[in-house]
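Enquirer: For reference, the file data-v8.txt (compact mmCIF, N, CA and C atoms and all ligand atoms) is included below:
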```txt
# COMPACT_ATOMS: atom_id res chain seq x y z
N MET M 1 -8.92 3.94 -20.64
CA MET M 1 -10.26 3.77 -20.06
C MET M 1 -10.83 5.10 -19.62
N PRO M 2 -11.29 5.92 -20.58
CA PRO M 2 -11.78 7.24 -20.19
C PRO M 2 -12.92 7.14 -19.17
N GLY M 3 -13.70 6.09 -19.25
CA GLY M 3 -14.83 5.95 -18.32
C GLY M 3 -14.41 5.81 -16.88
N MET M 4 -13.18 5.34 -16.65
CA MET M 4 -12.75 5.14 -15.27
C MET M 4 -11.92 6.29 -14.75
N GLN M 5 -11.77 7.35 -15.54
CA GLN M 5 -10.91 8.45 -15.12
C GLN M 5 -11.28 9.00 -13.75
N GLY M 6 -12.55 9.16 -13.48
CA GLY M 6 -12.99 9.74 -12.22
C GLY M 6 -12.79 8.82 -11.03
N ALA M 7 -12.37 7.57 -11.28
CA ALA M 7 -12.19 6.61 -10.19
C ALA M 7 -10.95 6.92 -9.35
N PHE M 8 -9.98 7.66 -9.93
CA PHE M 8 -8.74 7.95 -9.21
C PHE M 8 -8.86 9.27 -8.47
N LEU M 9 -8.67 9.24 -7.14
CA LEU M 9 -8.95 10.41 -6.32
C LEU M 9 -7.70 11.19 -5.93
N SER M 10 -6.67 10.50 -5.49
CA SER M 10 -5.46 11.19 -5.02
C SER M 10 -4.33 10.19 -4.82
N VAL M 11 -3.11 10.71 -4.58
CA VAL M 11 -2.02 9.84 -4.16
C VAL M 11 -2.19 9.62 -2.66
N ASP M 12 -2.54 8.41 -2.28
CA ASP M 12 -2.81 8.11 -0.87
C ASP M 12 -1.51 8.04 -0.07
N HIS M 13 -0.55 7.30 -0.59
CA HIS M 13 0.75 7.22 0.07
C HIS M 13 1.81 6.64 -0.86
N ILE M 14 3.06 6.78 -0.44
CA ILE M 14 4.18 6.12 -1.10
C ILE M 14 4.74 5.12 -0.12
N GLY M 15 4.89 3.86 -0.55
CA GLY M 15 5.36 2.79 0.32
C GLY M 15 6.87 2.61 0.20
N ILE M 16 7.53 2.51 1.35
CA ILE M 16 8.99 2.38 1.37
C ILE M 16 9.35 1.13 2.17
N ALA M 17 10.06 0.21 1.53
CA ALA M 17 10.46 -1.04 2.19
C ALA M 17 11.70 -0.80 3.05
N VAL M 18 11.67 -1.28 4.29
CA VAL M 18 12.81 -1.09 5.20
C VAL M 18 13.15 -2.40 5.91
N ASP M 19 14.42 -2.55 6.29
CA ASP M 19 14.86 -3.75 7.01
C ASP M 19 14.45 -3.70 8.47
N ASN M 20 14.51 -2.50 9.04
CA ASN M 20 14.30 -2.35 10.47
C ASN M 20 13.37 -1.18 10.72
N LEU M 21 12.13 -1.47 11.10
CA LEU M 21 11.11 -0.42 11.19
C LEU M 21 11.45 0.63 12.24
N SER M 22 11.93 0.20 13.43
CA SER M 22 12.15 1.22 14.47
C SER M 22 13.30 2.16 14.09
N GLU M 23 14.31 1.60 13.43
CA GLU M 23 15.40 2.47 12.97
C GLU M 23 14.90 3.43 11.88
N ALA M 24 14.07 2.91 10.97
CA ALA M 24 13.53 3.75 9.89
C ALA M 24 12.62 4.83 10.45
N ILE M 25 11.82 4.48 11.47
CA ILE M 25 10.93 5.48 12.09
C ILE M 25 11.77 6.62 12.67
N GLU M 26 12.87 6.26 13.34
CA GLU M 26 13.75 7.30 13.92
C GLU M 26 14.24 8.26 12.84
N ARG M 27 14.67 7.69 11.71
CA ARG M 27 15.20 8.53 10.63
C ARG M 27 14.13 9.45 10.06
N PHE M 28 12.95 8.89 9.79
CA PHE M 28 11.90 9.70 9.18
C PHE M 28 11.33 10.71 10.18
N GLN M 29 11.33 10.33 11.46
CA GLN M 29 10.87 11.24 12.50
C GLN M 29 11.80 12.45 12.58
N LYS M 30 13.11 12.19 12.44
CA LYS M 30 14.09 13.28 12.46
C LYS M 30 13.82 14.21 11.29
N LEU M 31 13.55 13.62 10.11
CA LEU M 31 13.29 14.42 8.91
C LEU M 31 12.00 15.22 9.03
N LEU M 32 10.92 14.55 9.45
CA LEU M 32 9.59 15.16 9.38
C LEU M 32 9.22 15.91 10.65
N GLY M 33 9.98 15.72 11.71
CA GLY M 33 9.76 16.49 12.92
C GLY M 33 8.66 15.99 13.84
N GLY M 34 8.18 14.78 13.60
CA GLY M 34 7.16 14.23 14.50
C GLY M 34 7.03 12.73 14.34
N PRO M 35 6.36 12.08 15.30
CA PRO M 35 6.22 10.63 15.26
C PRO M 35 5.22 10.19 14.19
N PRO M 36 5.21 8.90 13.82
CA PRO M 36 4.22 8.40 12.86
C PRO M 36 2.81 8.52 13.42
N GLU M 37 1.83 8.67 12.53
CA GLU M 37 0.44 8.78 12.97
C GLU M 37 -0.10 7.43 13.41
N SER M 38 0.45 6.37 12.83
CA SER M 38 -0.02 5.04 13.23
C SER M 38 1.04 4.00 12.94
N ILE M 39 1.03 2.94 13.75
CA ILE M 39 1.87 1.77 13.50
C ILE M 39 0.92 0.59 13.56
N GLU M 40 0.97 -0.26 12.53
CA GLU M 40 -0.03 -1.32 12.43
C GLU M 40 0.58 -2.55 11.78
N GLU M 41 0.17 -3.74 12.26
CA GLU M 41 0.59 -4.96 11.58
C GLU M 41 -0.52 -5.34 10.61
N VAL M 42 -0.14 -5.62 9.34
CA VAL M 42 -1.12 -6.03 8.34
C VAL M 42 -0.86 -7.50 8.03
N LYS M 43 -1.73 -8.36 8.60
CA LYS M 43 -1.52 -9.81 8.51
C LYS M 43 -1.57 -10.32 7.07
N GLU M 44 -2.47 -9.72 6.29
CA GLU M 44 -2.69 -10.15 4.90
C GLU M 44 -1.39 -10.14 4.10
N TYR M 45 -0.50 -9.21 4.40
CA TYR M 45 0.75 -9.09 3.63
C TYR M 45 1.99 -9.38 4.46
N ASP M 46 1.81 -9.87 5.71
CA ASP M 46 2.96 -10.13 6.59
C ASP M 46 3.89 -8.93 6.70
N VAL M 47 3.33 -7.78 7.03
CA VAL M 47 4.14 -6.58 7.20
C VAL M 47 3.71 -5.80 8.44
N LYS M 48 4.67 -5.04 8.96
CA LYS M 48 4.38 -4.05 9.98
C LYS M 48 4.59 -2.70 9.32
N THR M 49 3.61 -1.80 9.44
CA THR M 49 3.70 -0.53 8.73
C THR M 49 3.67 0.64 9.71
N ALA M 50 4.32 1.72 9.33
CA ALA M 50 4.21 2.99 10.06
C ALA M 50 3.84 4.06 9.04
N PHE M 51 2.81 4.85 9.36
CA PHE M 51 2.34 5.92 8.46
C PHE M 51 2.72 7.28 9.01
N PHE M 52 3.39 8.07 8.17
CA PHE M 52 3.68 9.47 8.50
C PHE M 52 2.82 10.35 7.59
N GLY M 53 2.05 11.24 8.15
CA GLY M 53 1.30 12.19 7.35
C GLY M 53 2.25 13.24 6.79
N VAL M 54 2.11 13.54 5.48
CA VAL M 54 2.91 14.59 4.84
C VAL M 54 1.95 15.42 4.01
N GLY M 55 1.51 16.54 4.54
CA GLY M 55 0.52 17.36 3.83
C GLY M 55 -0.72 16.54 3.54
N GLU M 56 -1.10 16.47 2.26
CA GLU M 56 -2.31 15.77 1.86
C GLU M 56 -2.10 14.27 1.71
N THR M 57 -0.82 13.84 1.78
CA THR M 57 -0.56 12.44 1.52
C THR M 57 0.26 11.82 2.66
N ASN M 58 0.78 10.63 2.46
CA ASN M 58 1.47 9.91 3.54
C ASN M 58 2.68 9.16 3.02
N LEU M 59 3.60 8.90 3.93
CA LEU M 59 4.68 7.95 3.65
C LEU M 59 4.42 6.72 4.50
N GLU M 60 4.53 5.54 3.88
CA GLU M 60 4.29 4.28 4.59
C GLU M 60 5.61 3.51 4.63
N LEU M 61 6.10 3.25 5.84
CA LEU M 61 7.29 2.41 5.99
C LEU M 61 6.82 0.98 6.21
N LEU M 62 7.47 0.02 5.53
CA LEU M 62 7.03 -1.38 5.59
C LEU M 62 8.18 -2.29 5.98
N GLU M 63 7.99 -3.03 7.06
CA GLU M 63 8.99 -4.03 7.47
C GLU M 63 8.32 -5.41 7.40
N PRO M 64 8.98 -6.40 6.78
CA PRO M 64 8.36 -7.73 6.70
C PRO M 64 8.30 -8.40 8.08
N THR M 65 7.25 -9.17 8.35
CA THR M 65 7.17 -9.92 9.60
C THR M 65 7.41 -11.41 9.36
N SER M 66 7.61 -11.81 8.10
CA SER M 66 7.98 -13.20 7.81
C SER M 66 8.76 -13.24 6.51
N LEU M 67 9.42 -14.36 6.26
CA LEU M 67 10.20 -14.50 5.02
C LEU M 67 9.29 -14.63 3.80
N ASP M 68 8.01 -14.96 4.03
CA ASP M 68 7.05 -15.09 2.93
C ASP M 68 6.49 -13.75 2.49
N SER M 69 6.74 -12.72 3.28
CA SER M 69 6.20 -11.40 2.96
C SER M 69 6.74 -10.91 1.63
N PRO M 70 5.87 -10.29 0.81
CA PRO M 70 6.37 -9.72 -0.45
C PRO M 70 7.47 -8.68 -0.20
N ILE M 71 7.43 -8.03 0.97
CA ILE M 71 8.46 -7.04 1.31
C ILE M 71 9.80 -7.73 1.56
N ALA M 72 9.77 -8.92 2.19
CA ALA M 72 11.01 -9.66 2.43
C ALA M 72 11.67 -10.00 1.10
N LYS M 73 10.85 -10.42 0.13
CA LYS M 73 11.39 -10.78 -1.19
C LYS M 73 11.98 -9.55 -1.89
N PHE M 74 11.28 -8.43 -1.77
CA PHE M 74 11.74 -7.18 -2.38
C PHE M 74 13.09 -6.77 -1.78
N LEU M 75 13.20 -6.83 -0.44
CA LEU M 75 14.44 -6.42 0.24
C LEU M 75 15.61 -7.30 -0.18
N GLN M 76 15.31 -8.60 -0.32
CA GLN M 76 16.35 -9.55 -0.73
C GLN M 76 16.89 -9.20 -2.11
N LYS M 77 15.97 -8.86 -3.01
CA LYS M 77 16.34 -8.60 -4.40
C LYS M 77 16.93 -7.21 -4.60
N ARG M 78 16.32 -6.20 -3.98
CA ARG M 78 16.66 -4.81 -4.32
C ARG M 78 17.17 -3.99 -3.15
N GLY M 79 17.05 -4.47 -1.92
CA GLY M 79 17.44 -3.67 -0.76
C GLY M 79 16.34 -2.67 -0.42
N SER M 80 16.53 -1.89 0.64
CA SER M 80 15.49 -0.97 1.08
C SER M 80 15.33 0.16 0.08
N GLY M 81 14.13 0.76 0.06
CA GLY M 81 13.86 1.86 -0.86
C GLY M 81 12.40 1.91 -1.25
N THR M 82 12.08 2.77 -2.22
CA THR M 82 10.70 2.95 -2.65
C THR M 82 10.13 1.62 -3.17
N HIS M 83 8.99 1.22 -2.64
CA HIS M 83 8.40 -0.08 -2.99
C HIS M 83 7.16 0.06 -3.86
N HIS M 84 6.26 0.97 -3.49
CA HIS M 84 5.06 1.15 -4.30
C HIS M 84 4.47 2.54 -4.15
N VAL M 85 3.60 2.88 -5.10
CA VAL M 85 2.82 4.11 -5.05
C VAL M 85 1.38 3.70 -4.87
N CYS M 86 0.66 4.36 -3.97
CA CYS M 86 -0.74 4.01 -3.74
C CYS M 86 -1.66 5.15 -4.13
N LEU M 87 -2.63 4.84 -4.99
CA LEU M 87 -3.64 5.81 -5.38
C LEU M 87 -4.94 5.48 -4.69
N SER M 88 -5.57 6.49 -4.15
CA SER M 88 -6.88 6.34 -3.55
C SER M 88 -7.92 6.32 -4.67
N VAL M 89 -8.83 5.34 -4.65
CA VAL M 89 -9.81 5.21 -5.72
C VAL M 89 -11.22 5.03 -5.15
N SER M 90 -12.21 5.25 -5.99
CA SER M 90 -13.57 4.89 -5.62
C SER M 90 -13.97 3.67 -6.45
N ASN M 91 -14.90 2.89 -5.97
CA ASN M 91 -15.39 1.71 -6.69
C ASN M 91 -14.25 0.79 -7.14
N LEU M 92 -13.48 0.31 -6.17
CA LEU M 92 -12.31 -0.52 -6.47
C LEU M 92 -12.68 -1.76 -7.28
N GLU M 93 -13.79 -2.42 -6.89
CA GLU M 93 -14.15 -3.65 -7.61
C GLU M 93 -14.44 -3.38 -9.09
N GLY M 94 -15.21 -2.34 -9.35
CA GLY M 94 -15.54 -1.97 -10.73
C GLY M 94 -14.29 -1.60 -11.51
N LEU M 95 -13.40 -0.88 -10.83
CA LEU M 95 -12.17 -0.45 -11.48
C LEU M 95 -11.30 -1.66 -11.85
N LEU M 96 -11.21 -2.65 -10.93
CA LEU M 96 -10.41 -3.85 -11.22
C LEU M 96 -10.98 -4.60 -12.42
N GLN M 97 -12.31 -4.68 -12.48
CA GLN M 97 -12.96 -5.32 -13.62
C GLN M 97 -12.59 -4.61 -14.92
N ALA M 98 -12.68 -3.27 -14.88
CA ALA M 98 -12.39 -2.47 -16.08
C ALA M 98 -10.94 -2.62 -16.50
N LEU M 99 -10.03 -2.61 -15.52
CA LEU M 99 -8.61 -2.75 -15.84
C LEU M 99 -8.32 -4.12 -16.43
N LYS M 100 -8.97 -5.14 -15.82
CA LYS M 100 -8.78 -6.51 -16.30
C LYS M 100 -9.25 -6.64 -17.74
N SER M 101 -10.43 -6.10 -18.03
CA SER M 101 -10.91 -6.25 -19.42
C SER M 101 -10.11 -5.40 -20.38
N ALA M 102 -9.41 -4.37 -19.87
CA ALA M 102 -8.53 -3.58 -20.74
C ALA M 102 -7.17 -4.26 -20.92
N GLY M 103 -6.99 -5.44 -20.27
CA GLY M 103 -5.75 -6.18 -20.45
C GLY M 103 -4.61 -5.74 -19.53
N VAL M 104 -4.94 -4.97 -18.48
CA VAL M 104 -3.91 -4.54 -17.53
C VAL M 104 -3.62 -5.71 -16.59
N ARG M 105 -2.32 -6.04 -16.42
CA ARG M 105 -1.94 -7.19 -15.59
C ARG M 105 -2.08 -6.85 -14.10
N LEU M 106 -2.93 -7.59 -13.41
CA LEU M 106 -3.20 -7.32 -12.00
C LEU M 106 -2.54 -8.39 -11.13
N ILE M 107 -2.10 -8.00 -9.94
CA ILE M 107 -1.67 -8.99 -8.95
C ILE M 107 -2.91 -9.49 -8.20
N ASP M 108 -3.79 -8.58 -7.83
CA ASP M 108 -5.04 -8.93 -7.13
C ASP M 108 -6.23 -8.60 -8.02
N GLU M 109 -6.99 -9.64 -8.38
CA GLU M 109 -8.19 -9.37 -9.20
C GLU M 109 -9.37 -9.01 -8.33
N THR M 110 -9.27 -9.34 -7.04
CA THR M 110 -10.30 -8.92 -6.10
C THR M 110 -9.61 -8.22 -4.92
N PRO M 111 -10.30 -7.27 -4.28
CA PRO M 111 -9.70 -6.49 -3.20
C PRO M 111 -9.32 -7.36 -2.00
N ARG M 112 -8.24 -6.97 -1.32
CA ARG M 112 -7.82 -7.61 -0.08
C ARG M 112 -7.87 -6.57 1.04
N LYS M 113 -7.59 -7.04 2.26
CA LYS M 113 -7.66 -6.14 3.40
C LYS M 113 -6.31 -5.48 3.64
N GLY M 114 -6.26 -4.15 3.58
CA GLY M 114 -5.01 -3.43 3.79
C GLY M 114 -4.98 -2.73 5.14
N ALA M 115 -4.02 -1.82 5.32
CA ALA M 115 -3.91 -1.06 6.57
C ALA M 115 -5.10 -0.12 6.72
N HIS M 116 -5.39 0.27 7.95
CA HIS M 116 -6.46 1.22 8.27
C HIS M 116 -7.83 0.74 7.83
N GLY M 117 -8.04 -0.58 7.76
CA GLY M 117 -9.35 -1.10 7.37
C GLY M 117 -9.73 -0.79 5.94
N LYS M 118 -8.76 -0.40 5.12
CA LYS M 118 -9.09 -0.11 3.71
C LYS M 118 -9.05 -1.39 2.89
N ARG M 119 -9.69 -1.33 1.73
CA ARG M 119 -9.61 -2.44 0.78
C ARG M 119 -8.58 -2.06 -0.26
N VAL M 120 -7.69 -3.00 -0.59
CA VAL M 120 -6.60 -2.68 -1.51
C VAL M 120 -6.42 -3.76 -2.55
N ALA M 121 -5.79 -3.41 -3.66
CA ALA M 121 -5.41 -4.37 -4.70
C ALA M 121 -4.18 -3.81 -5.39
N PHE M 122 -3.31 -4.72 -5.84
CA PHE M 122 -2.07 -4.29 -6.51
C PHE M 122 -2.12 -4.57 -8.00
N VAL M 123 -1.58 -3.62 -8.77
CA VAL M 123 -1.42 -3.77 -10.22
C VAL M 123 0.03 -4.20 -10.45
N HIS M 124 0.25 -5.15 -11.36
CA HIS M 124 1.60 -5.69 -11.58
C HIS M 124 2.55 -4.63 -12.14
N PRO M 125 3.78 -4.57 -11.61
CA PRO M 125 4.74 -3.56 -12.10
C PRO M 125 5.04 -3.66 -13.59
N ASN M 126 4.90 -4.86 -14.18
CA ASN M 126 5.12 -4.98 -15.63
C ASN M 126 4.11 -4.16 -16.42
N ALA M 127 2.96 -3.88 -15.81
CA ALA M 127 1.92 -3.12 -16.50
C ALA M 127 2.24 -1.63 -16.51
N LEU M 128 3.13 -1.19 -15.60
CA LEU M 128 3.34 0.25 -15.42
C LEU M 128 4.82 0.62 -15.34
N CYS M 129 5.58 0.18 -16.33
CA CYS M 129 6.98 0.62 -16.44
C CYS M 129 7.78 0.35 -15.18
N GLY M 130 7.48 -0.75 -14.49
CA GLY M 130 8.27 -1.12 -13.32
C GLY M 130 7.77 -0.56 -12.01
N VAL M 131 6.67 0.22 -12.05
CA VAL M 131 6.12 0.77 -10.81
C VAL M 131 5.04 -0.16 -10.27
N LEU M 132 5.21 -0.59 -9.02
CA LEU M 132 4.17 -1.36 -8.36
C LEU M 132 3.12 -0.38 -7.85
N LEU M 133 1.88 -0.56 -8.31
CA LEU M 133 0.81 0.37 -7.96
C LEU M 133 -0.21 -0.31 -7.05
N GLU M 134 -0.48 0.34 -5.92
CA GLU M 134 -1.53 -0.12 -5.01
C GLU M 134 -2.75 0.77 -5.23
N LEU M 135 -3.91 0.14 -5.30
CA LEU M 135 -5.17 0.89 -5.38
C LEU M 135 -5.87 0.69 -4.05
N SER M 136 -6.39 1.74 -3.47
CA SER M 136 -6.93 1.65 -2.13
C SER M 136 -8.28 2.35 -2.06
N GLU M 137 -9.23 1.67 -1.43
CA GLU M 137 -10.58 2.24 -1.30
C GLU M 137 -10.96 2.30 0.18
N GLN M 138 -11.37 3.47 0.60
CA GLN M 138 -11.86 3.64 1.96
C GLN M 138 -13.18 2.89 2.08
N MET M 139 -13.29 2.01 3.08
CA MET M 139 -14.56 1.30 3.25
C MET M 139 -15.54 2.18 4.00
N PRO M 140 -16.84 2.04 3.67
CA PRO M 140 -17.84 2.76 4.46
C PRO M 140 -17.70 2.34 5.93
N HIS M 141 -17.92 3.27 6.86
CA HIS M 141 -17.66 2.99 8.27
C HIS M 141 -18.42 1.78 8.80
N ASN M 142 -19.63 1.58 8.32
CA ASN M 142 -20.43 0.46 8.85
C ASN M 142 -19.95 -0.90 8.37
N GLU M 143 -19.05 -0.92 7.37
CA GLU M 143 -18.52 -2.20 6.91
C GLU M 143 -17.11 -2.45 7.46
N ASP M 144 -16.60 -1.49 8.25
CA ASP M 144 -15.23 -1.58 8.71
C ASP M 144 -15.17 -2.12 10.12
N PRO M 145 -14.75 -3.39 10.28
CA PRO M 145 -14.78 -4.03 11.59
C PRO M 145 -13.75 -3.45 12.56
N SER M 146 -12.75 -2.69 12.05
CA SER M 146 -11.71 -2.20 12.95
C SER M 146 -12.13 -0.91 13.63
N ARG M 147 -13.28 -0.34 13.28
CA ARG M 147 -13.71 0.89 13.92
C ARG M 147 -14.78 0.64 14.96
ZN ZN E 1 0.76 0.77 0.74
```
For this file, produce the structure as structure tokens.
Ligand code: ZN

Expert:
Amino acid sequence: MPGMQGAFLSVDHIGIAVDNLSEAIERFQKLLGGPPESIEEVKEYDVKTAFFGVGETNLELLEPTSLDSPIAKFLQKRGSGTHHVCLSVSNLEGLLQALKSAGVRLIDETPRKGAHGKRVAFVHPNALCGVLLELSEQMPHNEDPSR
């Protein structure tokens, strides 16, 4: 989809699934030398997340808050570790439409509410060699109820 090339802006974060968020925060804090920039519960996905800033990008630690959480299922199957890569995009809705018509298998055909008031959608790992890809769009401030 050459027309959508400009839609991808940067690597927003890498998501890491963990069994115990406070223990994981301690470990990453030791590595990175400082506390997470934010800790937030994301109801839409039944997860509690902690974001560590790393240069231009971030590491996101994810702990499930229920057995229905996609993170709980991942931990059961594969144990803790890298869960997804998130790319920051513009025009998420248009991009999802374009990907769908190009035959790319999507988990979310319409954006959902992610951490930090962003809109997010996931692309199925079967579409990308086993990598679960999150697409994330910063909402304009006037549409963001959390600000
Ligand atoms: Zn994420």

Enquirer: Within 6.5 Å of Asp19 in chain M, counting only N, CA and C atoms, which residues show up once you throw out same-chain ones fewer than 4 positions away? Write them as JSON, numbers by chain, please.

Expert: {"M": [62, 63, 64, 80]}

Enquirer: Output N, CA and C atoms for every residue in that selection, as a PDB file, in the coordinates of the input.

Expert:
```pdb
ATOM      1  N   LEU M  62       7.470   0.020   5.530  1.00  0.00           N
ATOM      2  CA  LEU M  62       7.030  -1.380   5.590  1.00  0.00           C
ATOM      3  C   LEU M  62       8.180  -2.290   5.980  1.00  0.00           C
ATOM      4  N   GLU M  63       7.990  -3.030   7.060  1.00  0.00           N
ATOM      5  CA  GLU M  63       8.990  -4.030   7.470  1.00  0.00           C
ATOM      6  C   GLU M  63       8.320  -5.410   7.400  1.00  0.00           C
ATOM      7  N   PRO M  64       8.980  -6.400   6.780  1.00  0.00           N
ATOM      8  CA  PRO M  64       8.360  -7.730   6.700  1.00  0.00           C
ATOM      9  C   PRO M  64       8.300  -8.400   8.080  1.00  0.00           C
ATOM     10  N   SER M  80      16.530  -1.890   0.640  1.00  0.00           N
ATOM     11  CA  SER M  80      15.490  -0.970   1.080  1.00  0.00           C
ATOM     12  C   SER M  80      15.330   0.160   0.080  1.00  0.00           C
TER      13      SER M  80
END
```

Enquirer: Do you know which residues lie at most 7 Å from (16.3, -1.8, 2.6), with coordinates as in the file and all atoms listed in the file counted, and could you write them as a CSV table (one decimal) with N, CA and C atoms, keeping the file's coordinate frame?

Expert:
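The result, stored in result_16.csv:
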```csv
chain,number,residue,atom,x,y,z
M,17,ALA,N,10.1,0.2,1.5
M,17,ALA,CA,10.5,-1.0,2.2
M,17,ALA,C,11.7,-0.8,3.0
M,18,VAL,N,11.7,-1.3,4.3
M,18,VAL,CA,12.8,-1.1,5.2
M,18,VAL,C,13.2,-2.4,5.9
M,19,ASP,N,14.4,-2.6,6.3
M,19,ASP,CA,14.9,-3.8,7.0
M,19,ASP,C,14.4,-3.7,8.5
M,20,ASN,N,14.5,-2.5,9.0
M,20,ASN,CA,14.3,-2.4,10.5
M,20,ASN,C,13.4,-1.2,10.7
M,75,LEU,N,13.2,-6.8,-0.4
M,75,LEU,CA,14.4,-6.4,0.2
M,75,LEU,C,15.6,-7.3,-0.2
M,78,ARG,N,16.3,-6.2,-4.0
M,78,ARG,CA,16.7,-4.8,-4.3
M,78,ARG,C,17.2,-4.0,-3.2
M,79,GLY,N,17.0,-4.5,-1.9
M,79,GLY,CA,17.4,-3.7,-0.8
M,79,GLY,C,16.3,-2.7,-0.4
M,80,SER,N,16.5,-1.9,0.6
M,80,SER,CA,15.5,-1.0,1.1
M,80,SER,C,15.3,0.2,0.1
M,81,GLY,N,14.1,0.8,0.1
M,81,GLY,CA,13.9,1.9,-0.9
M,81,GLY,C,12.4,1.9,-1.2
```

Enquirer: Which neighbours of Leu96 in chain M fall inside 7 Å, counting only C-alpha atoms, when residues of the same chain fewer than 4 positions from it are skipped, and could you give them as an NGL selection string?

Expert: :M and (92 or 100 or 109)

Enquirer: Go ahead and write the residues just picked, N, CA and C atoms, as a CSV table (one decimal), keeping the file's coordinate frame.

Expert:
```csv
chain,number,residue,atom,x,y,z
M,92,LEU,N,-13.5,0.3,-6.2
M,92,LEU,CA,-12.3,-0.5,-6.5
M,92,LEU,C,-12.7,-1.8,-7.3
M,100,LYS,N,-9.0,-5.1,-15.8
M,100,LYS,CA,-8.8,-6.5,-16.3
M,100,LYS,C,-9.2,-6.6,-17.7
M,109,GLU,N,-7.0,-9.6,-8.4
M,109,GLU,CA,-8.2,-9.4,-9.2
M,109,GLU,C,-9.4,-9.0,-8.3
```

Enquirer: Residues contacting ligand ZN 1 (chain E) - anything with an atom at most 6 Å away, using all atoms listed in the file - can you give me those as an MDAnalysis selection string?

Expert: chainID M and resid 14:15 86

Enquirer: Please identify the alpha helix (DSSP H) residues within range 30-141 of chain M (assignment by DSSP from backbone atoms) and present them as a PyMOL selection string.

Expert: chain M and resi 30-32+70-78+92-101

Enquirer: Any idea what's packed within 12 Å of Val42 in chain M, counting only C-alpha atoms, ignoring anything in its chain fewer than 2 positions away? Could you give it as a count of residues only?

Expert: 25

Enquirer: For range 70-86 of chain M, take all atoms listed in the file, fit an axis-aligned box around them, add 6 Å to each of the six sides, then output centre and edge lengths in Å rounded to one decimal, as JSON.

Expert:
```
{"center_x": 7.9, "center_y": -2.8, "center_z": -1.3, "size_x": 31.1, "size_y": 27.9, "size_z": 19.5}
```

Enquirer: As an exercise, work out the distance from atom C of Gln5 in chain M to atom N of Ser90 in chain M in Å and give it to one decimal place.

Expert: 8.7 Å

Enquirer: Taking into account all atoms listed in the file, which residue in the set M:His13, M:Pro36, M:Glu137, M:Asp68 is nearest to Glu93 in chain M?

Expert: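 The shortest atom-to-atom distance to Glu93 in chain M comes from M:Glu137.
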
Enquirer: What's the separation between CA of Phe28 in chain M and CA of Leu61 in chain M, in Å to one decimal place?

Expert: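 Computing the Euclidean distance for CA of Phe28 in chain M and CA of Leu61 in chain M yields 9.2 Å.
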
Enquirer: May I have the protein, DNA and RNA residues with any atom at most 7 Å from the point (-9.4, 5.4, -9.7), counting all atoms listed in the file, written as a list in words?

Expert: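 Protein, DNA and RNA residues close to (-9.4, 5.4, -9.7): Met4, Gln5, Gly6, Ala7, Phe8, Leu9, Leu87, Ser88, Val89, Ser90 and Leu95 of chain M.
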
Enquirer: Between atom C of Glu56 in chain M and atom N of Val104 in chain M, what is the distance in Å, rounded to a tenth?

Expert: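 Computed distance, atom C of Glu56 in chain M to atom N of Val104 in chain M, equals 28.0 Å.
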